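Have a look at data.cif; it's mmCIF, N, CA and C atoms:
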data_work
loop_
_atom_site.label_atom_id
_atom_site.label_comp_id
_atom_site.auth_asym_id
_atom_site.auth_seq_id
_atom_site.Cartn_x
_atom_site.Cartn_y
_atom_site.Cartn_z
N MET A 20 -9.18 -37.69 43.95
CA MET A 20 -8.95 -37.79 42.53
C MET A 20 -9.97 -36.95 41.78
N PRO A 21 -9.51 -36.13 40.75
CA PRO A 21 -10.47 -35.30 40.01
C PRO A 21 -11.43 -36.15 39.19
N ASP A 22 -12.61 -35.59 38.99
CA ASP A 22 -13.64 -36.28 38.21
C ASP A 22 -13.23 -36.27 36.73
N GLN A 23 -13.05 -37.41 36.15
CA GLN A 23 -12.67 -37.53 34.75
C GLN A 23 -13.85 -38.10 33.98
N THR A 24 -14.60 -37.19 33.35
CA THR A 24 -15.74 -37.67 32.58
C THR A 24 -15.26 -38.05 31.20
N SER A 25 -15.88 -39.02 30.68
CA SER A 25 -15.49 -39.53 29.37
C SER A 25 -16.25 -38.75 28.28
N ARG A 26 -15.53 -38.31 27.30
CA ARG A 26 -16.16 -37.69 26.14
C ARG A 26 -15.41 -38.17 24.91
N PRO A 27 -16.09 -38.16 23.77
CA PRO A 27 -15.43 -38.66 22.57
C PRO A 27 -14.27 -37.74 22.16
N ALA A 28 -13.27 -38.34 21.56
CA ALA A 28 -12.14 -37.56 21.07
C ALA A 28 -12.59 -36.64 19.93
N MET A 29 -11.94 -35.49 19.85
CA MET A 29 -12.28 -34.54 18.78
C MET A 29 -11.72 -35.05 17.45
N THR A 30 -12.46 -34.79 16.40
CA THR A 30 -11.97 -35.11 15.06
C THR A 30 -10.98 -34.03 14.65
N MET A 31 -10.20 -34.30 13.61
CA MET A 31 -9.25 -33.30 13.11
C MET A 31 -10.00 -32.05 12.65
N GLY A 32 -11.15 -32.22 12.05
CA GLY A 32 -11.96 -31.07 11.63
C GLY A 32 -12.38 -30.21 12.81
N GLU A 33 -12.78 -30.87 13.90
CA GLU A 33 -13.18 -30.13 15.11
C GLU A 33 -11.99 -29.40 15.73
N ILE A 34 -10.85 -30.06 15.71
CA ILE A 34 -9.63 -29.42 16.24
C ILE A 34 -9.28 -28.20 15.41
N ARG A 35 -9.31 -28.34 14.09
CA ARG A 35 -8.98 -27.21 13.20
C ARG A 35 -9.95 -26.05 13.41
N THR A 36 -11.25 -26.36 13.54
CA THR A 36 -12.24 -25.33 13.78
C THR A 36 -11.99 -24.63 15.11
N ALA A 37 -11.69 -25.41 16.15
CA ALA A 37 -11.43 -24.85 17.48
C ALA A 37 -10.20 -23.94 17.47
N LEU A 38 -9.24 -24.24 16.60
CA LEU A 38 -8.03 -23.42 16.49
C LEU A 38 -8.21 -22.23 15.54
N GLY A 39 -9.37 -22.12 14.90
CA GLY A 39 -9.64 -20.97 14.04
C GLY A 39 -9.33 -21.18 12.57
N TYR A 40 -9.01 -22.39 12.18
CA TYR A 40 -8.76 -22.66 10.77
C TYR A 40 -10.09 -22.76 10.03
N THR A 41 -10.08 -22.35 8.77
CA THR A 41 -11.28 -22.45 7.95
C THR A 41 -10.93 -23.12 6.63
N ASP A 42 -11.94 -23.57 5.94
CA ASP A 42 -11.75 -24.19 4.63
C ASP A 42 -12.69 -23.50 3.65
N PRO A 43 -12.24 -22.72 2.72
CA PRO A 43 -10.83 -22.46 2.43
C PRO A 43 -10.21 -21.55 3.49
N PRO A 44 -8.88 -21.55 3.56
CA PRO A 44 -8.23 -20.71 4.56
C PRO A 44 -8.47 -19.22 4.28
N VAL A 45 -8.55 -18.44 5.34
CA VAL A 45 -8.68 -17.00 5.20
C VAL A 45 -7.29 -16.42 4.96
N LEU A 46 -7.15 -15.64 3.90
CA LEU A 46 -5.85 -15.06 3.56
C LEU A 46 -5.80 -13.62 4.05
N VAL A 47 -4.70 -13.25 4.63
CA VAL A 47 -4.48 -11.87 5.07
C VAL A 47 -3.19 -11.41 4.41
N GLU A 48 -3.29 -10.39 3.58
CA GLU A 48 -2.13 -9.90 2.84
C GLU A 48 -2.12 -8.38 2.87
N VAL A 49 -0.93 -7.81 2.86
CA VAL A 49 -0.80 -6.37 2.70
C VAL A 49 -0.88 -6.10 1.21
N GLY A 50 -1.80 -5.24 0.83
CA GLY A 50 -1.98 -4.94 -0.59
C GLY A 50 -1.61 -3.54 -0.97
N ARG A 51 -1.53 -2.62 0.02
CA ARG A 51 -1.26 -1.24 -0.32
C ARG A 51 -0.67 -0.50 0.87
N TYR A 52 0.33 0.32 0.58
CA TYR A 52 0.92 1.22 1.57
C TYR A 52 0.60 2.65 1.15
N GLU A 53 0.42 3.53 2.13
CA GLU A 53 0.25 4.96 1.88
C GLU A 53 1.54 5.65 2.28
N VAL A 54 2.02 6.55 1.40
CA VAL A 54 3.26 7.26 1.67
C VAL A 54 3.01 8.75 1.49
N SER A 55 3.25 9.52 2.56
CA SER A 55 3.01 10.96 2.51
C SER A 55 3.85 11.68 3.55
N VAL A 56 4.16 12.95 3.31
CA VAL A 56 4.83 13.75 4.33
C VAL A 56 3.81 14.33 5.30
N LEU A 57 2.55 14.28 4.94
CA LEU A 57 1.49 14.82 5.78
C LEU A 57 0.96 13.75 6.73
N PRO A 58 0.76 14.10 8.00
CA PRO A 58 0.22 13.12 8.94
C PRO A 58 -1.22 12.76 8.62
N ARG A 59 -1.66 11.65 9.15
CA ARG A 59 -2.99 11.12 8.85
C ARG A 59 -4.11 12.11 9.17
N ASP A 60 -3.94 12.95 10.17
CA ASP A 60 -5.01 13.88 10.56
C ASP A 60 -5.01 15.18 9.76
N ASP A 61 -4.09 15.33 8.82
CA ASP A 61 -4.03 16.56 8.01
C ASP A 61 -5.10 16.53 6.93
N ILE A 62 -5.85 17.61 6.81
CA ILE A 62 -6.96 17.69 5.85
C ILE A 62 -6.50 17.52 4.40
N ASN A 63 -5.25 17.86 4.11
CA ASN A 63 -4.73 17.79 2.74
C ASN A 63 -4.08 16.45 2.40
N ARG A 64 -3.96 15.56 3.37
CA ARG A 64 -3.23 14.31 3.14
C ARG A 64 -3.73 13.52 1.93
N LYS A 65 -5.05 13.44 1.77
CA LYS A 65 -5.58 12.61 0.68
C LYS A 65 -5.13 13.10 -0.69
N HIS A 66 -4.79 14.36 -0.80
CA HIS A 66 -4.37 14.91 -2.09
C HIS A 66 -2.87 14.74 -2.33
N PHE A 67 -2.11 14.57 -1.26
CA PHE A 67 -0.65 14.52 -1.37
C PHE A 67 -0.10 13.16 -0.93
N THR A 68 -0.84 12.10 -1.19
CA THR A 68 -0.41 10.76 -0.80
C THR A 68 -0.11 9.91 -2.03
N LEU A 69 0.98 9.17 -1.95
CA LEU A 69 1.31 8.18 -2.97
C LEU A 69 0.95 6.81 -2.41
N PHE A 70 0.67 5.90 -3.32
CA PHE A 70 0.32 4.54 -2.94
C PHE A 70 1.33 3.58 -3.55
N VAL A 71 1.77 2.66 -2.73
CA VAL A 71 2.60 1.55 -3.21
C VAL A 71 1.68 0.35 -3.13
N GLU A 72 1.32 -0.17 -4.32
CA GLU A 72 0.26 -1.17 -4.39
C GLU A 72 0.74 -2.45 -5.04
N ASN A 73 0.34 -3.57 -4.42
CA ASN A 73 0.71 -4.89 -4.91
C ASN A 73 0.03 -5.15 -6.25
N ARG A 74 0.83 -5.54 -7.23
CA ARG A 74 0.30 -5.87 -8.55
C ARG A 74 0.47 -7.35 -8.88
N GLY A 75 0.83 -8.14 -7.88
CA GLY A 75 0.97 -9.58 -8.08
C GLY A 75 2.37 -9.98 -8.49
N ASN A 76 2.67 -11.23 -8.28
CA ASN A 76 3.98 -11.81 -8.64
C ASN A 76 5.15 -11.05 -8.02
N GLY A 77 4.95 -10.51 -6.82
CA GLY A 77 6.03 -9.80 -6.14
C GLY A 77 6.36 -8.44 -6.71
N ARG A 78 5.48 -7.92 -7.55
CA ARG A 78 5.73 -6.63 -8.20
C ARG A 78 4.77 -5.59 -7.63
N TRP A 79 5.28 -4.38 -7.44
CA TRP A 79 4.54 -3.29 -6.82
C TRP A 79 4.58 -2.05 -7.70
N ALA A 80 3.50 -1.27 -7.68
CA ALA A 80 3.41 -0.02 -8.43
C ALA A 80 3.44 1.14 -7.45
N VAL A 81 3.98 2.26 -7.89
CA VAL A 81 3.92 3.52 -7.15
C VAL A 81 3.01 4.44 -7.95
N HIS A 82 1.88 4.85 -7.32
CA HIS A 82 0.94 5.69 -8.06
C HIS A 82 0.24 6.67 -7.13
N ASP A 83 -0.45 7.62 -7.75
CA ASP A 83 -1.20 8.63 -6.99
C ASP A 83 -2.70 8.47 -7.17
N GLY A 84 -3.11 7.38 -7.78
CA GLY A 84 -4.52 7.15 -8.05
C GLY A 84 -4.93 7.55 -9.46
N HIS A 85 -4.07 8.30 -10.11
CA HIS A 85 -4.36 8.76 -11.48
C HIS A 85 -3.31 8.30 -12.48
N GLY A 86 -2.11 8.09 -12.00
CA GLY A 86 -1.03 7.68 -12.88
C GLY A 86 0.09 7.04 -12.08
N CYS A 87 0.98 6.34 -12.78
CA CYS A 87 2.08 5.62 -12.14
C CYS A 87 3.39 6.37 -12.32
N TYR A 88 4.32 6.05 -11.43
CA TYR A 88 5.66 6.61 -11.51
C TYR A 88 6.63 5.55 -12.00
N ALA A 89 7.57 5.99 -12.83
CA ALA A 89 8.65 5.12 -13.30
C ALA A 89 9.82 5.22 -12.33
N ALA A 90 10.80 4.36 -12.50
CA ALA A 90 11.97 4.34 -11.62
C ALA A 90 12.70 5.67 -11.59
N ASP A 91 12.66 6.42 -12.70
CA ASP A 91 13.35 7.71 -12.74
C ASP A 91 12.50 8.84 -12.17
N GLY A 92 11.30 8.52 -11.64
CA GLY A 92 10.45 9.53 -11.01
C GLY A 92 9.48 10.22 -11.94
N THR A 93 9.49 9.86 -13.22
CA THR A 93 8.55 10.49 -14.14
C THR A 93 7.16 9.88 -13.96
N TRP A 94 6.16 10.72 -14.15
CA TRP A 94 4.77 10.33 -13.96
C TRP A 94 4.14 10.09 -15.33
N ALA A 95 3.32 9.07 -15.43
CA ALA A 95 2.60 8.78 -16.67
C ALA A 95 1.14 8.54 -16.34
N ALA A 96 0.25 9.16 -17.11
CA ALA A 96 -1.19 9.00 -16.89
C ALA A 96 -1.57 7.54 -17.02
N GLY A 97 -2.49 7.11 -16.20
CA GLY A 97 -2.99 5.74 -16.25
C GLY A 97 -2.24 4.85 -15.28
N ILE A 98 -2.96 3.89 -14.77
CA ILE A 98 -2.35 2.95 -13.83
C ILE A 98 -1.58 1.86 -14.57
N LYS A 99 -2.04 1.47 -15.75
CA LYS A 99 -1.30 0.52 -16.58
C LYS A 99 -1.80 0.60 -18.02
N PRO A 100 -1.17 1.44 -18.81
CA PRO A 100 -1.56 1.49 -20.23
C PRO A 100 -1.13 0.20 -20.95
N PHE A 101 -2.09 -0.60 -21.31
CA PHE A 101 -1.78 -1.89 -21.93
C PHE A 101 -1.18 -1.77 -23.32
N GLU A 102 -1.32 -0.60 -23.95
CA GLU A 102 -0.78 -0.45 -25.29
C GLU A 102 0.74 -0.26 -25.29
N LYS A 103 1.35 -0.13 -24.12
CA LYS A 103 2.80 0.06 -24.04
C LYS A 103 3.45 -1.23 -23.53
N PRO A 104 4.15 -1.96 -24.41
CA PRO A 104 4.67 -3.28 -24.02
C PRO A 104 5.73 -3.24 -22.92
N ASP A 105 6.51 -2.19 -22.80
CA ASP A 105 7.57 -2.14 -21.79
C ASP A 105 7.12 -1.49 -20.49
N TRP A 106 5.84 -1.23 -20.37
CA TRP A 106 5.31 -0.53 -19.20
C TRP A 106 5.74 -1.18 -17.88
N GLU A 107 5.54 -2.48 -17.76
CA GLU A 107 5.84 -3.15 -16.50
C GLU A 107 7.32 -3.14 -16.18
N THR A 108 8.16 -3.15 -17.18
CA THR A 108 9.60 -3.13 -16.94
C THR A 108 10.02 -1.85 -16.23
N THR A 109 9.39 -0.73 -16.56
CA THR A 109 9.79 0.55 -16.00
C THR A 109 8.89 1.04 -14.86
N HIS A 110 7.73 0.41 -14.66
CA HIS A 110 6.76 0.90 -13.67
C HIS A 110 6.38 -0.12 -12.61
N ARG A 111 7.07 -1.23 -12.52
CA ARG A 111 6.82 -2.23 -11.49
C ARG A 111 8.13 -2.55 -10.79
N PHE A 112 8.06 -2.73 -9.46
CA PHE A 112 9.26 -2.86 -8.66
C PHE A 112 9.09 -3.93 -7.60
N ASP A 113 10.20 -4.36 -6.98
CA ASP A 113 10.04 -5.16 -5.78
C ASP A 113 9.64 -4.19 -4.67
N LEU A 114 9.17 -4.70 -3.55
CA LEU A 114 8.61 -3.86 -2.50
C LEU A 114 9.61 -2.83 -1.98
N ASP A 115 10.83 -3.24 -1.71
CA ASP A 115 11.81 -2.30 -1.16
C ASP A 115 12.08 -1.14 -2.11
N ASP A 116 12.21 -1.43 -3.40
CA ASP A 116 12.46 -0.37 -4.37
C ASP A 116 11.24 0.54 -4.53
N ALA A 117 10.05 -0.04 -4.51
CA ALA A 117 8.83 0.76 -4.63
C ALA A 117 8.68 1.70 -3.44
N LEU A 118 8.92 1.20 -2.23
CA LEU A 118 8.82 2.07 -1.04
C LEU A 118 9.89 3.14 -1.06
N ALA A 119 11.09 2.81 -1.49
CA ALA A 119 12.17 3.81 -1.57
C ALA A 119 11.80 4.90 -2.58
N LEU A 120 11.26 4.52 -3.72
CA LEU A 120 10.86 5.50 -4.72
C LEU A 120 9.74 6.39 -4.18
N ALA A 121 8.76 5.81 -3.53
CA ALA A 121 7.65 6.60 -2.98
C ALA A 121 8.14 7.56 -1.90
N ARG A 122 9.05 7.12 -1.05
CA ARG A 122 9.61 8.01 -0.02
C ARG A 122 10.36 9.18 -0.66
N LYS A 123 11.09 8.88 -1.72
CA LYS A 123 11.85 9.93 -2.42
C LYS A 123 10.91 10.96 -3.06
N LEU A 124 9.81 10.47 -3.63
CA LEU A 124 8.90 11.36 -4.36
C LEU A 124 7.88 12.06 -3.47
N ALA A 125 7.56 11.51 -2.31
CA ALA A 125 6.48 12.03 -1.45
C ALA A 125 6.58 13.54 -1.18
N PRO A 126 7.75 14.08 -0.86
CA PRO A 126 7.81 15.52 -0.59
C PRO A 126 7.53 16.39 -1.81
N THR A 127 7.69 15.82 -3.00
CA THR A 127 7.55 16.60 -4.22
C THR A 127 6.21 16.44 -4.92
N VAL A 128 5.32 15.61 -4.38
CA VAL A 128 4.00 15.44 -4.99
C VAL A 128 3.37 16.82 -5.09
N SER A 129 2.85 17.13 -6.27
CA SER A 129 2.35 18.48 -6.52
C SER A 129 0.86 18.46 -6.88
N VAL A 130 0.11 19.37 -6.26
CA VAL A 130 -1.31 19.55 -6.55
C VAL A 130 -1.55 21.04 -6.74
N ASN A 131 -2.08 21.40 -7.89
CA ASN A 131 -2.35 22.81 -8.21
C ASN A 131 -1.14 23.70 -7.97
N GLY A 132 0.04 23.19 -8.33
CA GLY A 132 1.25 23.98 -8.23
C GLY A 132 1.89 24.04 -6.86
N HIS A 133 1.34 23.32 -5.90
CA HIS A 133 1.89 23.29 -4.55
C HIS A 133 2.39 21.89 -4.22
N THR A 134 3.57 21.82 -3.63
CA THR A 134 4.13 20.51 -3.28
C THR A 134 3.62 20.06 -1.91
N ALA A 135 3.80 18.79 -1.64
CA ALA A 135 3.41 18.24 -0.35
C ALA A 135 4.18 18.91 0.79
N THR A 136 5.44 19.22 0.54
CA THR A 136 6.24 19.91 1.56
C THR A 136 5.66 21.29 1.87
N GLU A 137 5.25 22.02 0.83
CA GLU A 137 4.62 23.34 1.05
C GLU A 137 3.31 23.19 1.81
N ALA A 138 2.52 22.19 1.47
CA ALA A 138 1.26 21.96 2.18
C ALA A 138 1.53 21.63 3.65
N TYR A 139 2.57 20.86 3.89
CA TYR A 139 2.95 20.52 5.26
C TYR A 139 3.25 21.78 6.06
N HIS A 140 4.06 22.67 5.50
CA HIS A 140 4.47 23.88 6.21
C HIS A 140 3.29 24.86 6.38
N ARG A 141 2.33 24.82 5.49
CA ARG A 141 1.14 25.68 5.63
C ARG A 141 0.25 25.20 6.77
N THR A 142 0.14 23.90 6.94
CA THR A 142 -0.79 23.37 7.96
C THR A 142 -0.09 22.97 9.26
N ARG A 143 1.21 22.92 9.25
CA ARG A 143 1.99 22.57 10.44
C ARG A 143 3.02 23.67 10.69
N PRO A 144 2.59 24.82 11.21
CA PRO A 144 3.54 25.93 11.40
C PRO A 144 4.69 25.54 12.34
N ALA A 145 5.83 26.16 12.10
CA ALA A 145 7.01 25.91 12.95
C ALA A 145 6.70 26.29 14.39
N ARG A 146 7.24 25.54 15.32
CA ARG A 146 6.98 25.81 16.74
C ARG A 146 8.08 26.62 17.34
#

Output the file's structure as structure tokens, nothing else.
Amino acid sequence: MPDQTSRPAMTMGEIRTALGYTDPPVLVEVGRYEVSVLPRDDINRKHFTLFVENRGNGRWAVHDGHGCYAADGTWAAGIKPFEKPDWETTHRFDLDDALALARKLAPTVSVNGHTATEAYHRTRPAR
């Protein structure tokens, strides 16, 4: 017969700690997606990347770090100009719509007159 040593039962707190629970609980959330036609190792990626960022309440923004995009693809300076009352109606989306808009716009992101697609072809020559 195996040796059965007696030990006190674990408390619920000890069980929760052993399972990795904390008080308060540790939250893990996706807050931002990067969308670009350029691969992560491309030197120009940081300039030609759009961000789809969580703005709370299930609403997401599509921006380049300097301004936001509206549903029709127009760019407006500022991440959220508070002086414009309809801003959130036209510049906040559910996640699927925000990602779709960012994917649509990613090839056309322009820096100094060059699009992301042009930058891609300059740094990734055809094989």

Contacts of stretch 53-56 of chain A at 6 Å (all atoms listed in the file; same-chain gap of 3+ positions) as an NGL selection string: :A and (67-71 or 125-126)

Residue neighbourhood A:His110, 10 Å, only C-alpha atoms, exclusion window fewer than 3 positions, as a list in words: Arg78, Trp79, Ala80, Val81, His82, Cys87, Tyr88, Ala89, Ala90, Asp91, Gly92, Thr93, Trp94, Ala95, Ile98, Lys99, Asp105, Trp106, Glu107 and Ala117 of chain A

Residue list (strand (DSSP E or B), DSSP) for stretch 28-136 of chain A, as a list in words: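 Written out, the strand (DSSP E or B) residues of stretch 28-136 of chain A are Arg51, Tyr52, Glu53, Val54, Leu69, Phe70, Val71, Glu72, Asn73, Trp79, Ala80, Val81, His82, Gly86, Cys87, Tyr88, Trp94, Ala95, Ala96, Gly97, Phe112, Ser129, Val130, His133 and Thr134 of chain A.
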
For atom C of A:Met29 and atom N of A:Pro43, the interatomic separation in Å (one decimal):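 One can read the atom C of A:Met29 to atom N of A:Pro43 distance as 19.2 Å.
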
DSSP helix (DSSP H, G or I) residues within stretch 28-119 of chain A, listed as a list in words: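 Residues of stretch 28-119 of chain A classed as helix (DSSP H, G or I): Met31, Gly32, Glu33, Ile34, Arg35, Thr36, Ala37, Arg64, Lys65, His66, Trp106, Glu107, Thr108, Thr109, His110, Leu114, Asp115, Asp116, Ala117, Leu118 and Ala119 of chain A.
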
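With all atoms listed in the file as the basis for measurement, A:Glu72 is the residue among A:Val128, A:His140, A:Pro27, A:Glu72 that approaches A:Tyr52 most closely.
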